[in-house]
file query_28.txt (compact mmCIF, C-alpha atoms)
# COMPACT_ATOMS: atom_id res chain seq x y z
CA MET F 5 -137.18 -188.23 -88.98
CA THR F 6 -138.34 -191.69 -89.88
CA ILE F 7 -136.23 -194.41 -91.38
CA THR F 8 -137.75 -195.64 -94.60
CA PRO F 9 -138.08 -199.37 -95.04
CA LEU F 10 -136.06 -200.64 -97.99
CA TYR F 11 -139.18 -201.68 -99.81
CA SER F 12 -142.40 -199.83 -99.36
CA GLU F 13 -145.76 -200.37 -100.90
CA SER F 14 -146.50 -196.71 -101.20
CA ALA F 15 -143.48 -195.60 -103.24
CA PRO F 16 -141.81 -197.17 -106.25
CA VAL F 17 -138.64 -199.08 -105.31
CA ALA F 18 -136.54 -197.16 -107.83
CA GLN F 19 -136.97 -193.92 -105.90
CA GLN F 20 -135.52 -195.26 -102.69
CA ASP F 21 -132.25 -196.31 -101.21
CA ALA F 22 -131.13 -197.63 -97.86
CA VAL F 23 -130.57 -194.20 -96.31
CA ALA F 24 -133.43 -192.25 -97.81
CA THR F 25 -135.71 -190.50 -95.35
CA ILE F 26 -139.34 -189.85 -95.88
CA ASP F 27 -139.04 -186.31 -94.52
CA VAL F 28 -137.08 -184.54 -97.19
CA PRO F 29 -136.35 -181.20 -95.45
CA THR F 30 -138.62 -178.57 -96.84
CA LYS F 31 -138.45 -176.11 -93.93
CA GLU F 32 -136.32 -172.98 -94.07
CA PRO F 33 -132.83 -173.86 -92.69
CA LEU F 34 -132.10 -172.35 -89.28
CA GLY F 35 -129.01 -171.28 -87.39
CA ILE F 36 -125.68 -172.57 -88.70
CA GLU F 37 -127.43 -174.38 -91.53
CA ARG F 38 -128.62 -171.09 -92.98
CA THR F 39 -124.99 -170.21 -93.65
CA MET F 40 -123.53 -173.60 -94.46
CA LEU F 41 -126.20 -174.75 -96.91
CA ALA F 42 -126.13 -171.55 -98.99
CA GLN F 43 -124.23 -171.18 -102.29
CA ASP F 44 -124.48 -174.86 -103.24
CA LYS F 45 -122.95 -175.77 -99.83
CA ILE F 46 -119.53 -174.43 -100.85
CA TYR F 47 -118.94 -173.30 -97.23
CA VAL F 48 -118.89 -176.94 -96.20
CA VAL F 49 -116.01 -177.48 -98.63
CA LEU F 50 -114.27 -174.40 -97.20
CA ALA F 51 -114.61 -175.81 -93.67
CA VAL F 52 -113.12 -179.15 -94.76
CA VAL F 53 -110.23 -177.47 -96.57
CA LEU F 54 -109.47 -175.23 -93.58
CA ILE F 55 -109.39 -178.22 -91.22
CA ILE F 56 -106.89 -179.96 -93.53
CA TRP F 57 -104.84 -176.78 -93.89
CA PHE F 58 -104.55 -176.27 -90.12
CA GLY F 59 -103.57 -179.93 -89.78
CA ILE F 60 -100.75 -179.38 -92.26
CA VAL F 61 -99.71 -176.20 -90.40
CA ALA F 62 -99.58 -178.12 -87.11
CA LEU F 63 -97.35 -180.72 -88.77
CA LEU F 64 -95.10 -177.94 -90.11
CA TYR F 65 -94.57 -176.46 -86.63
CA ARG F 66 -94.03 -179.86 -85.02
CA THR F 67 -91.41 -180.75 -87.62
CA ASP F 68 -89.61 -177.47 -86.93
CA ARG F 69 -89.51 -178.28 -83.23
CA ARG F 70 -88.17 -181.78 -83.95
CA ILE F 71 -85.42 -180.38 -86.20
CA ALA F 72 -84.44 -177.81 -83.55
CA ALA F 73 -84.24 -180.57 -80.90
CA LEU F 74 -82.10 -182.70 -83.22
CA GLU F 75 -79.75 -179.79 -83.86
CA ALA F 76 -79.45 -179.16 -80.11
CA ASP F 77 -78.53 -182.83 -79.53
CA LEU F 78 -75.96 -182.59 -82.29
CA GLU F 79 -74.42 -179.48 -80.78
CA ALA F 80 -74.32 -181.08 -77.32
CA ALA F 81 -72.56 -184.14 -78.76
CA ARG F 82 -70.03 -181.91 -80.50
CA LEU F 83 -69.28 -179.98 -77.30
CA SER F 84 -68.83 -183.15 -75.21
CA ALA F 85 -66.51 -184.60 -77.87
CA ASP F 86 -64.20 -181.54 -77.77
CA MET M 26 -62.22 -179.24 -100.60
CA PRO M 27 -64.83 -177.42 -98.48
CA THR M 28 -66.83 -179.58 -96.11
CA LEU M 29 -70.06 -178.83 -94.35
CA GLN M 30 -69.40 -178.37 -90.64
CA ALA M 31 -71.31 -175.13 -90.18
CA ARG M 32 -73.99 -174.97 -87.53
CA THR M 33 -77.57 -174.23 -88.59
CA ASN M 34 -77.56 -170.60 -87.50
CA GLU M 35 -74.56 -170.07 -89.75
CA ILE M 36 -76.34 -171.30 -92.89
CA ILE M 37 -79.97 -170.38 -92.21
CA ASP M 38 -81.29 -167.18 -90.68
CA LEU M 39 -83.79 -168.80 -88.32
CA ARG M 40 -85.36 -165.51 -87.29
CA ARG M 41 -86.15 -164.65 -90.89
CA TYR M 42 -87.36 -168.23 -91.45
CA ARG M 43 -89.87 -167.98 -88.57
CA ILE M 44 -91.18 -164.62 -89.76
CA ILE M 45 -91.75 -165.93 -93.28
CA ARG M 46 -93.27 -169.21 -92.03
CA ASN M 47 -95.76 -167.43 -89.77
CA THR M 48 -96.62 -164.97 -92.53
CA VAL M 49 -97.22 -167.86 -94.94
CA VAL M 50 -99.65 -169.51 -92.51
CA VAL M 51 -101.75 -166.35 -92.15
CA TRP M 52 -101.43 -165.43 -95.84
CA MET M 53 -102.49 -168.85 -97.15
CA THR M 54 -105.44 -168.96 -94.73
CA LEU M 55 -106.65 -165.67 -96.24
CA VAL M 56 -106.06 -167.04 -99.76
CA LEU M 57 -108.19 -170.11 -98.94
CA LEU M 58 -110.97 -167.90 -97.57
CA GLY M 59 -110.84 -165.71 -100.68
CA ALA M 60 -110.74 -168.71 -102.99
CA PHE M 61 -114.04 -170.02 -101.64
CA LEU M 62 -115.84 -166.86 -100.58
CA LEU M 63 -115.19 -164.54 -103.52
CA ASP M 64 -118.19 -164.65 -105.81
CA ILE M 65 -117.24 -165.53 -109.40
CA PRO M 66 -119.35 -165.63 -112.56
CA ARG M 67 -120.70 -169.10 -113.36
CA ILE M 68 -119.44 -170.22 -116.74
CA ALA M 69 -120.84 -173.24 -118.56
CA ILE M 70 -118.69 -176.43 -118.26
CA LEU M 71 -116.35 -174.79 -115.72
CA GLU M 72 -118.94 -173.87 -113.05
CA HIS M 73 -117.30 -173.82 -109.61
CA THR M 74 -114.21 -175.63 -110.97
CA ALA M 75 -113.02 -172.23 -112.22
CA ARG M 76 -111.79 -171.84 -108.63
CA ASN M 77 -109.15 -174.47 -109.43
CA LEU M 78 -107.30 -171.57 -111.04
CA TYR M 79 -106.27 -170.56 -107.51
CA PHE M 80 -104.75 -173.95 -106.74
CA HIS M 81 -103.78 -175.85 -109.90
CA VAL M 82 -101.94 -173.03 -111.72
CA PRO M 83 -99.82 -171.90 -108.71
CA MET M 84 -98.53 -175.50 -108.43
CA TRP M 85 -96.76 -175.04 -111.78
CA PHE M 86 -95.55 -171.51 -111.03
CA THR M 87 -94.14 -172.83 -107.76
CA MET M 88 -92.49 -175.77 -109.51
CA MET M 89 -90.82 -173.43 -112.01
CA ALA M 90 -89.65 -171.09 -109.23
CA ALA M 91 -88.27 -174.08 -107.29
CA PHE M 92 -86.41 -175.43 -110.33
CA GLY M 93 -85.03 -171.90 -110.84
CA VAL M 94 -83.71 -171.86 -107.26
CA SER M 95 -82.26 -175.32 -107.82
CA ALA M 96 -80.50 -174.30 -111.06
CA TYR M 97 -79.12 -171.17 -109.39
CA HIS M 98 -77.50 -173.24 -106.65
CA SER M 99 -76.15 -175.72 -109.21
CA VAL M 100 -74.39 -172.85 -111.01
CA ARG M 101 -73.03 -171.60 -107.69
CA TYR M 102 -71.88 -175.14 -106.84
CA LEU M 103 -69.88 -175.42 -110.04
CA GLY M 104 -68.14 -172.16 -109.18
CA SER M 105 -67.45 -172.92 -105.52
CA ASP M 106 -67.46 -176.69 -104.78
CA ASP M 107 -69.40 -175.75 -101.65
CA PRO M 108 -71.42 -178.82 -100.51
CA LEU M 109 -74.15 -176.56 -99.12
CA ARG M 110 -74.88 -175.40 -102.68
CA ASP M 111 -75.31 -179.03 -103.71
CA ILE M 112 -77.70 -179.65 -100.81
CA ARG M 113 -79.72 -176.56 -101.70
CA ALA M 114 -79.93 -177.53 -105.40
CA MET M 115 -81.09 -181.04 -104.53
CA GLN M 116 -83.71 -180.02 -101.95
CA ALA M 117 -85.16 -177.22 -104.10
CA ALA M 118 -85.59 -179.71 -106.96
CA ARG M 119 -87.15 -182.27 -104.58
CA VAL M 120 -89.81 -179.94 -103.22
CA GLY M 121 -90.32 -178.44 -106.70
CA ALA M 122 -90.98 -181.88 -108.21
CA MET M 123 -93.53 -182.52 -105.46
CA PHE M 124 -95.41 -179.39 -106.48
CA GLY M 125 -95.18 -180.54 -110.11
CA LEU M 126 -96.75 -183.89 -109.22
CA LEU M 127 -99.56 -182.08 -107.44
CA GLY M 128 -100.01 -179.87 -110.53
CA LEU M 129 -100.25 -182.91 -112.78
CA ALA M 130 -102.67 -184.76 -110.49
CA THR M 131 -104.94 -181.74 -110.02
CA GLY M 132 -104.88 -181.14 -113.78
CA ILE M 133 -105.97 -184.73 -114.46
CA VAL M 134 -108.94 -184.41 -112.11
CA TRP M 135 -109.93 -180.99 -113.48
CA ALA M 136 -109.69 -182.17 -117.11
CA ARG M 137 -111.73 -185.32 -116.41
CA PHE M 138 -114.79 -183.33 -115.36
CA THR M 139 -114.53 -180.46 -117.85
CA TRP M 140 -112.73 -181.39 -121.08
CA TYR M 141 -113.71 -185.06 -120.90
CA THR M 142 -117.21 -184.84 -119.41
CA GLY M 143 -119.30 -187.77 -120.59
CA THR M 144 -116.39 -189.62 -122.17
CA ASN M 145 -114.96 -191.52 -119.19
CA ILE M 146 -111.46 -190.39 -120.25
CA TRP M 147 -108.92 -189.40 -117.57
CA TRP M 148 -105.86 -189.05 -119.78
CA ASN M 149 -105.83 -188.37 -123.51
CA PHE M 150 -102.23 -187.27 -124.17
CA ASP M 151 -103.16 -183.63 -124.42
CA PRO M 152 -99.89 -181.88 -125.43
CA LYS M 153 -99.77 -179.64 -122.36
CA GLN M 154 -100.27 -182.57 -119.98
CA THR M 155 -97.90 -184.83 -121.87
CA MET M 156 -95.11 -182.25 -121.89
CA ALA M 157 -95.63 -181.61 -118.17
CA ALA M 158 -95.30 -185.35 -117.52
CA VAL M 159 -92.10 -185.46 -119.62
CA GLN M 160 -90.80 -182.52 -117.57
CA LEU M 161 -91.30 -184.46 -114.37
CA LEU M 162 -89.57 -187.49 -115.88
CA ILE M 163 -86.54 -185.32 -116.70
CA TYR M 164 -86.34 -184.32 -113.03
CA ALA M 165 -86.96 -187.91 -111.95
CA ALA M 166 -83.79 -188.73 -113.90
CA TYR M 167 -81.96 -186.09 -111.84
CA PHE M 168 -82.90 -187.88 -108.60
CA LEU M 169 -82.05 -191.29 -110.05
CA LEU M 170 -78.69 -189.98 -111.27
CA ARG M 171 -77.92 -188.73 -107.77
CA SER M 172 -78.88 -192.00 -106.13
CA ALA M 173 -76.62 -193.89 -108.56
CA LEU M 174 -73.47 -191.99 -107.49
CA ASP M 175 -71.92 -192.65 -104.09
CA GLU M 176 -68.96 -190.30 -103.99
CA PRO M 177 -70.41 -186.96 -102.75
CA ARG M 178 -68.11 -184.62 -104.68
CA LYS M 179 -68.40 -186.45 -107.98
CA ARG M 180 -72.17 -186.77 -107.50
CA ALA M 181 -72.51 -183.05 -106.78
CA ARG M 182 -70.58 -182.07 -109.95
CA ILE M 183 -72.33 -184.43 -112.36
CA ALA M 184 -75.74 -183.67 -110.83
CA ALA M 185 -75.15 -179.90 -111.10
CA VAL M 186 -74.36 -180.17 -114.83
CA TYR M 187 -77.39 -182.40 -115.47
CA ASN M 188 -79.61 -180.09 -113.41
CA LEU M 189 -78.70 -177.17 -115.68
CA PHE M 190 -79.69 -179.21 -118.73
CA ALA M 191 -82.96 -180.14 -117.02
CA PHE M 192 -83.73 -176.50 -116.23
CA VAL M 193 -83.13 -175.40 -119.82
CA THR M 194 -85.90 -177.78 -120.98
CA VAL M 195 -88.53 -176.11 -118.73
CA PRO M 196 -89.63 -173.21 -121.00
CA PHE M 197 -89.66 -175.49 -124.04
CA LEU M 198 -91.76 -178.22 -122.47
CA LEU M 199 -94.15 -175.99 -120.54
CA TYR M 200 -94.54 -173.03 -122.90
CA ILE M 201 -93.04 -173.22 -126.38
CA LEU M 202 -93.94 -176.76 -127.51
CA PRO M 203 -97.52 -176.96 -126.12
CA ARG M 204 -98.33 -173.64 -127.78
CA GLN M 205 -97.39 -175.04 -131.19
CA MET M 206 -99.97 -177.79 -130.94
CA ALA M 207 -103.72 -178.10 -130.66
CA SER M 208 -104.54 -178.51 -127.00
CA LEU M 209 -107.60 -178.05 -124.83
CA HIS M 210 -105.48 -176.33 -122.21
CA PRO M 211 -105.73 -172.52 -122.00
CA GLY M 212 -102.63 -170.92 -123.45
CA ALA M 213 -102.40 -173.51 -126.23
CA ASP M 214 -102.48 -172.76 -129.94
CA GLY M 215 -101.61 -169.11 -129.38
CA SER M 216 -104.61 -168.41 -127.16
CA PRO M 217 -103.88 -166.41 -124.00
CA ALA M 218 -103.82 -168.33 -120.72
CA PHE M 219 -105.85 -165.57 -119.10
CA SER M 220 -108.67 -165.20 -121.62
CA ASP M 221 -111.78 -163.02 -121.60
CA ILE M 222 -113.70 -165.79 -119.81
CA THR M 223 -111.35 -165.39 -116.84
CA HIS M 224 -113.06 -162.71 -114.82
CA PRO M 225 -110.60 -159.97 -113.69
CA ILE M 226 -111.79 -160.33 -110.09
CA MET M 227 -110.16 -163.76 -109.96
CA ARG M 228 -106.74 -162.13 -110.16
CA LEU M 229 -107.44 -160.79 -106.67
CA VAL M 230 -107.01 -164.30 -105.27
CA PHE M 231 -104.85 -165.83 -108.00
CA TYR M 232 -101.75 -163.64 -107.62
CA PRO M 233 -101.69 -163.86 -103.80
CA ALA M 234 -102.10 -167.65 -104.18
CA VAL M 235 -99.04 -167.80 -106.46
CA ILE M 236 -96.97 -165.77 -103.96
CA GLY M 237 -98.29 -167.84 -101.03
CA PHE M 238 -97.52 -171.22 -102.60
CA ILE M 239 -94.02 -170.11 -103.63
CA ALA M 240 -93.41 -168.95 -100.04
CA LEU M 241 -94.78 -172.28 -98.79
CA PHE M 242 -92.28 -174.02 -101.06
CA TRP M 243 -89.51 -171.94 -99.47
CA VAL M 244 -90.61 -173.05 -95.98
CA PHE M 245 -90.54 -176.77 -96.88
CA TYR M 246 -87.28 -176.30 -98.77
CA THR M 247 -85.62 -174.56 -95.80
CA GLN M 248 -86.78 -177.35 -93.46
CA ARG M 249 -85.20 -179.96 -95.71
CA VAL M 250 -81.94 -178.00 -96.07
CA ARG M 251 -81.72 -177.88 -92.25
CA ILE M 252 -82.19 -181.63 -92.00
CA ALA M 253 -79.68 -182.32 -94.80
CA ALA M 254 -77.11 -180.00 -93.19
CA ALA M 255 -77.57 -181.77 -89.84
CA LYS M 256 -77.04 -185.12 -91.56
CA ALA M 257 -73.91 -183.78 -93.28
CA ARG M 258 -72.49 -182.84 -89.87
CA ILE M 259 -72.95 -186.39 -88.61
CA THR M 260 -72.05 -188.48 -91.65
CA GLY M 261 -70.13 -186.00 -93.84
CA ASP M 262 -72.76 -186.45 -96.60
CA GLY M 263 -75.91 -184.37 -96.70
CA GLU M 264 -77.78 -186.50 -99.23
CA LEU M 265 -81.27 -187.24 -97.96
call {"tool": "encode", "arguments": {"input": "query_28.txt", "output": "structure tokens"}}
result
Amino acid sequence: MTITPLYSESAPVAQQDAVATIDVPTKEPLGIERTMLAQDKIYVVLAVVLIIWFGIVALLYRTDRRIAALEADLEAARLSAD
Amino acid sequence: MPTLQARTNEIIDLRRYRIIRNTVVVWMTLVLLGAFLLDIPRIAILEHTARNLYFHVPMWFTMMAAFGVSAYHSVRYLGSDDPLRDIRAMQAARVGAMFGLLGLATGIVWARFTWYTGTNIWWNFDPKQTMAAVQLLIYAAYFLLRSALDEPRKRARIAAVYNLFAFVTVPFLLYILPRQMASLHPGADGSPAFSDITHPIMRLVFYPAVIGFIALFWVFYTQRVRIAAAKARITGDGEL
């Protein structure tokens, strides 16, 4: 991969931007890319959504543990007050 | 006057809660996989956004189910004066309104890139969207009413009566009125919400998504009821 200079004599400026590469991939994708780039790359969206979902699930379980700890503290305080 | 001194295991079946919560996690993961992996026909304008059916529509079904739970507990409060009923009514409405906000926001984004492609319009007072926004304002008034009243018993009674009024408006604002008017939203102007352009295979993910999101509501709702009940044991008032 080569980094394209911002302005090049060989190509019109309008076709380029700061991150464009000269080697636009034309080879057949290999390995994981064969799966992830298929179907308009929708599997990439699925991966992102699943990461977010499992983050939310982790938060859900952590909150449950916090609530249980709070309830245990409350019960201990009630017993020591009696 | 009943007060809330019950311990958590007396008001919530924690074993049942954990079973449902763990089922929801697995269930919704499968729904997400189905929502992205199931091949659907490409329709002009909609393209892949047709998959929003699995996410946007269940937000509203969940909101309606949540408001139904809330109204049920308001009725039970008026018959019992049990503060736990008041807590349940309040927390069901809270989580339900959150789902409604997500439904409105997802609808705005979906409409922008389908109905309003090329116009730069995000919001055009489409009857269905407008009525949904009014619906959320009616429930916003419920929360404001609660925050304006300090005496728990009086607050619970007035809020329960208002909550029943709010619930009665739901079918009118979300079904009857928008269907009388010209709207771009499916289901408007007498057209069926599930039309012939909705491929039957999408029901395979859609119905499980509705069930999954309603169950997810129940998990969040139960969490909040636990917290409110714990607060009621400390301060005598379970308002969160």
call {"tool": "closest_atom_pairs", "arguments": {"input": "query_28.txt", "of": "chain F", "to": "chain M", "cutoff": "9 Å", "atoms": "only C-alpha atoms", "output": "JSON lines"}}
result
{"residue": "F:Ile46", "atom": "CA", "partner": "M:Phe61", "partner_atom": "CA", "distance": 7.1}
{"residue": "F:Tyr47", "atom": "CA", "partner": "M:Phe61", "partner_atom": "CA", "distance": 7.4}
{"residue": "F:Val49", "atom": "CA", "partner": "M:Phe61", "partner_atom": "CA", "distance": 8.3}
{"residue": "F:Leu50", "atom": "CA", "partner": "M:Phe61", "partner_atom": "CA", "distance": 6.2}
{"residue": "F:Val53", "atom": "CA", "partner": "M:Leu57", "partner_atom": "CA", "distance": 8.0}
{"residue": "F:Leu54", "atom": "CA", "partner": "M:Leu57", "partner_atom": "CA", "distance": 7.5}
{"residue": "F:Trp57", "atom": "CA", "partner": "M:Thr54", "partner_atom": "CA", "distance": 7.9}
{"residue": "F:Phe58", "atom": "CA", "partner": "M:Val50", "partner_atom": "CA", "distance": 8.7}
{"residue": "F:Val61", "atom": "CA", "partner": "M:Val50", "partner_atom": "CA", "distance": 7.0}
{"residue": "F:Leu64", "atom": "CA", "partner": "M:Phe245", "partner_atom": "CA", "distance": 8.2}
{"residue": "F:Thr67", "atom": "CA", "partner": "M:Gln248", "partner_atom": "CA", "distance": 8.2}
{"residue": "F:Asp68", "atom": "CA", "partner": "M:Gln248", "partner_atom": "CA", "distance": 7.1}
{"residue": "F:Ile71", "atom": "CA", "partner": "M:Ile252", "partner_atom": "CA", "distance": 6.8}
{"residue": "F:Leu74", "atom": "CA", "partner": "M:Ala255", "partner_atom": "CA", "distance": 8.1}
{"residue": "F:Glu75", "atom": "CA", "partner": "M:Ala255", "partner_atom": "CA", "distance": 6.7}
{"residue": "F:Leu78", "atom": "CA", "partner": "M:Ala255", "partner_atom": "CA", "distance": 7.8}
{"residue": "F:Glu79", "atom": "CA", "partner": "M:Arg32", "partner_atom": "CA", "distance": 8.1}
call {"tool": "atom_distance", "arguments": {"input": "query_28.txt", "atom1": "CA of Thr247 (chain M)", "atom2": "CA of Val94 (chain M)"}}
result
11.9 Å
call {"tool": "atom_distance", "arguments": {"input": "query_28.txt", "atom1": "CA of Asp44 (chain F)", "atom2": "CA of Trp148 (chain M)"}}
result
28.7 Å
call {"tool": "atom_distance", "arguments": {"input": "query_28.txt", "atom1": "CA of Ile239 (chain M)", "atom2": "CA of Arg67 (chain M)"}}
result
28.4 Å
call {"tool": "build_atoms", "arguments": {"input": "query_28.txt", "residues": "region 60-70 of chain M", "atoms": "all heavy atoms", "output": "PDB file, in the coordinates of the input"}}
result
ATOM      1  N   ALA M  60    -110.514-167.775-101.887  1.00  0.00           N
ATOM      2  CA  ALA M  60    -110.740-168.710-102.990  1.00  0.00           C
ATOM      3  C   ALA M  60    -112.157-169.273-102.957  1.00  0.00           C
ATOM      4  O   ALA M  60    -112.752-169.555-103.990  1.00  0.00           O
ATOM      5  CB  ALA M  60    -109.718-169.836-102.927  1.00  0.00           C
ATOM      6  N   PHE M  61    -112.703-169.437-101.738  1.00  0.00           N
ATOM      7  CA  PHE M  61    -114.040-170.020-101.640  1.00  0.00           C
ATOM      8  C   PHE M  61    -115.133-168.970-101.506  1.00  0.00           C
ATOM      9  O   PHE M  61    -116.264-169.186-101.912  1.00  0.00           O
ATOM     10  CB  PHE M  61    -114.112-170.992-100.449  1.00  0.00           C
ATOM     11  CG  PHE M  61    -113.449-172.301-100.730  1.00  0.00           C
ATOM     12  CD1 PHE M  61    -112.113-172.499-100.438  1.00  0.00           C
ATOM     13  CD2 PHE M  61    -114.161-173.335-101.321  1.00  0.00           C
ATOM     14  CE1 PHE M  61    -111.492-173.701-100.722  1.00  0.00           C
ATOM     15  CE2 PHE M  61    -113.551-174.543-101.601  1.00  0.00           C
ATOM     16  CZ  PHE M  61    -112.212-174.722-101.305  1.00  0.00           C
ATOM     17  N   LEU M  62    -114.795-167.832-100.899  1.00  0.00           N
ATOM     18  CA  LEU M  62    -115.840-166.860-100.580  1.00  0.00           C
ATOM     19  C   LEU M  62    -116.069-165.840-101.681  1.00  0.00           C
ATOM     20  O   LEU M  62    -117.159-165.304-101.813  1.00  0.00           O
ATOM     21  CB  LEU M  62    -115.517-166.143 -99.267  1.00  0.00           C
ATOM     22  CG  LEU M  62    -115.432-167.064 -98.039  1.00  0.00           C
ATOM     23  CD1 LEU M  62    -115.153-166.260 -96.782  1.00  0.00           C
ATOM     24  CD2 LEU M  62    -116.717-167.864 -97.878  1.00  0.00           C
ATOM     25  N   LEU M  63    -115.035-165.555-102.476  1.00  0.00           N
ATOM     26  CA  LEU M  63    -115.190-164.540-103.520  1.00  0.00           C
ATOM     27  C   LEU M  63    -116.165-165.048-104.584  1.00  0.00           C
ATOM     28  O   LEU M  63    -115.984-166.134-105.129  1.00  0.00           O
ATOM     29  CB  LEU M  63    -113.828-164.237-104.158  1.00  0.00           C
ATOM     30  CG  LEU M  63    -113.812-163.069-105.136  1.00  0.00           C
ATOM     31  CD1 LEU M  63    -113.929-161.747-104.388  1.00  0.00           C
ATOM     32  CD2 LEU M  63    -112.530-163.077-105.958  1.00  0.00           C
ATOM     33  N   ASP M  64    -117.184-164.241-104.841  1.00  0.00           N
ATOM     34  CA  ASP M  64    -118.190-164.650-105.810  1.00  0.00           C
ATOM     35  C   ASP M  64    -117.614-164.523-107.225  1.00  0.00           C
ATOM     36  O   ASP M  64    -117.023-163.507-107.564  1.00  0.00           O
ATOM     37  CB  ASP M  64    -119.430-163.766-105.663  1.00  0.00           C
ATOM     38  CG  ASP M  64    -120.676-164.493-106.130  1.00  0.00           C
ATOM     39  OD1 ASP M  64    -120.646-165.741-106.169  1.00  0.00           O
ATOM     40  OD2 ASP M  64    -121.660-163.809-106.471  1.00  0.00           O
ATOM     41  N   ILE M  65    -117.752-165.566-108.025  1.00  0.00           N
ATOM     42  CA  ILE M  65    -117.240-165.530-109.400  1.00  0.00           C
ATOM     43  C   ILE M  65    -118.381-165.843-110.355  1.00  0.00           C
ATOM     44  O   ILE M  65    -119.324-166.534-109.982  1.00  0.00           O
ATOM     45  CB  ILE M  65    -116.072-166.523-109.608  1.00  0.00           C
ATOM     46  CG1 ILE M  65    -116.500-167.938-109.234  1.00  0.00           C
ATOM     47  CG2 ILE M  65    -114.852-166.103-108.819  1.00  0.00           C
ATOM     48  CD1 ILE M  65    -115.561-169.001-109.736  1.00  0.00           C
ATOM     49  N   PRO M  66    -118.300-165.332-111.587  1.00  0.00           N
ATOM     50  CA  PRO M  66    -119.350-165.630-112.560  1.00  0.00           C
ATOM     51  C   PRO M  66    -119.384-167.130-112.854  1.00  0.00           C
ATOM     52  O   PRO M  66    -118.329-167.773-112.926  1.00  0.00           O
ATOM     53  CB  PRO M  66    -118.942-164.853-113.804  1.00  0.00           C
ATOM     54  CG  PRO M  66    -117.776-164.011-113.427  1.00  0.00           C
ATOM     55  CD  PRO M  66    -117.207-164.538-112.173  1.00  0.00           C
ATOM     56  N   ARG M  67    -120.580-167.683-112.997  1.00  0.00           N
ATOM     57  CA  ARG M  67    -120.700-169.100-113.360  1.00  0.00           C
ATOM     58  C   ARG M  67    -120.597-169.229-114.876  1.00  0.00           C
ATOM     59  O   ARG M  67    -121.384-168.630-115.603  1.00  0.00           O
ATOM     60  CB  ARG M  67    -122.044-169.667-112.902  1.00  0.00           C
ATOM     61  CG  ARG M  67    -122.290-169.562-111.426  1.00  0.00           C
ATOM     62  CD  ARG M  67    -121.468-170.569-110.641  1.00  0.00           C
ATOM     63  NE  ARG M  67    -121.726-170.440-109.209  1.00  0.00           N
ATOM     64  CZ  ARG M  67    -122.711-171.057-108.570  1.00  0.00           C
ATOM     65  NH1 ARG M  67    -123.497-171.862-109.214  1.00  0.00           N
ATOM     66  NH2 ARG M  67    -122.885-170.882-107.283  1.00  0.00           N
ATOM     67  N   ILE M  68    -119.627-170.009-115.316  1.00  0.00           N
ATOM     68  CA  ILE M  68    -119.440-170.220-116.740  1.00  0.00           C
ATOM     69  C   ILE M  68    -119.821-171.668-117.037  1.00  0.00           C
ATOM     70  O   ILE M  68    -119.503-172.563-116.250  1.00  0.00           O
ATOM     71  CB  ILE M  68    -117.964-169.988-117.135  1.00  0.00           C
ATOM     72  CG1 ILE M  68    -117.511-168.601-116.669  1.00  0.00           C
ATOM     73  CG2 ILE M  68    -117.770-170.136-118.628  1.00  0.00           C
ATOM     74  CD1 ILE M  68    -116.020-168.441-116.650  1.00  0.00           C
ATOM     75  N   ALA M  69    -120.463-171.885-118.179  1.00  0.00           N
ATOM     76  CA  ALA M  69    -120.840-173.240-118.560  1.00  0.00           C
ATOM     77  C   ALA M  69    -119.581-174.122-118.590  1.00  0.00           C
ATOM     78  O   ALA M  69    -118.481-173.647-118.872  1.00  0.00           O
ATOM     79  CB  ALA M  69    -121.490-173.235-119.941  1.00  0.00           C
ATOM     80  N   ILE M  70    -119.744-175.419-118.308  1.00  0.00           N
ATOM     81  CA  ILE M  70    -118.690-176.430-118.260  1.00  0.00           C
ATOM     82  C   ILE M  70    -117.806-176.225-117.034  1.00  0.00           C
ATOM     83  O   ILE M  70    -117.616-177.135-116.239  1.00  0.00           O
ATOM     84  CB  ILE M  70    -117.814-176.470-119.535  1.00  0.00           C
ATOM     85  CG1 ILE M  70    -118.681-176.770-120.758  1.00  0.00           C
ATOM     86  CG2 ILE M  70    -116.742-177.571-119.397  1.00  0.00           C
ATOM     87  CD1 ILE M  70    -117.947-176.647-122.072  1.00  0.00           C
TER      88      ILE M  70
END
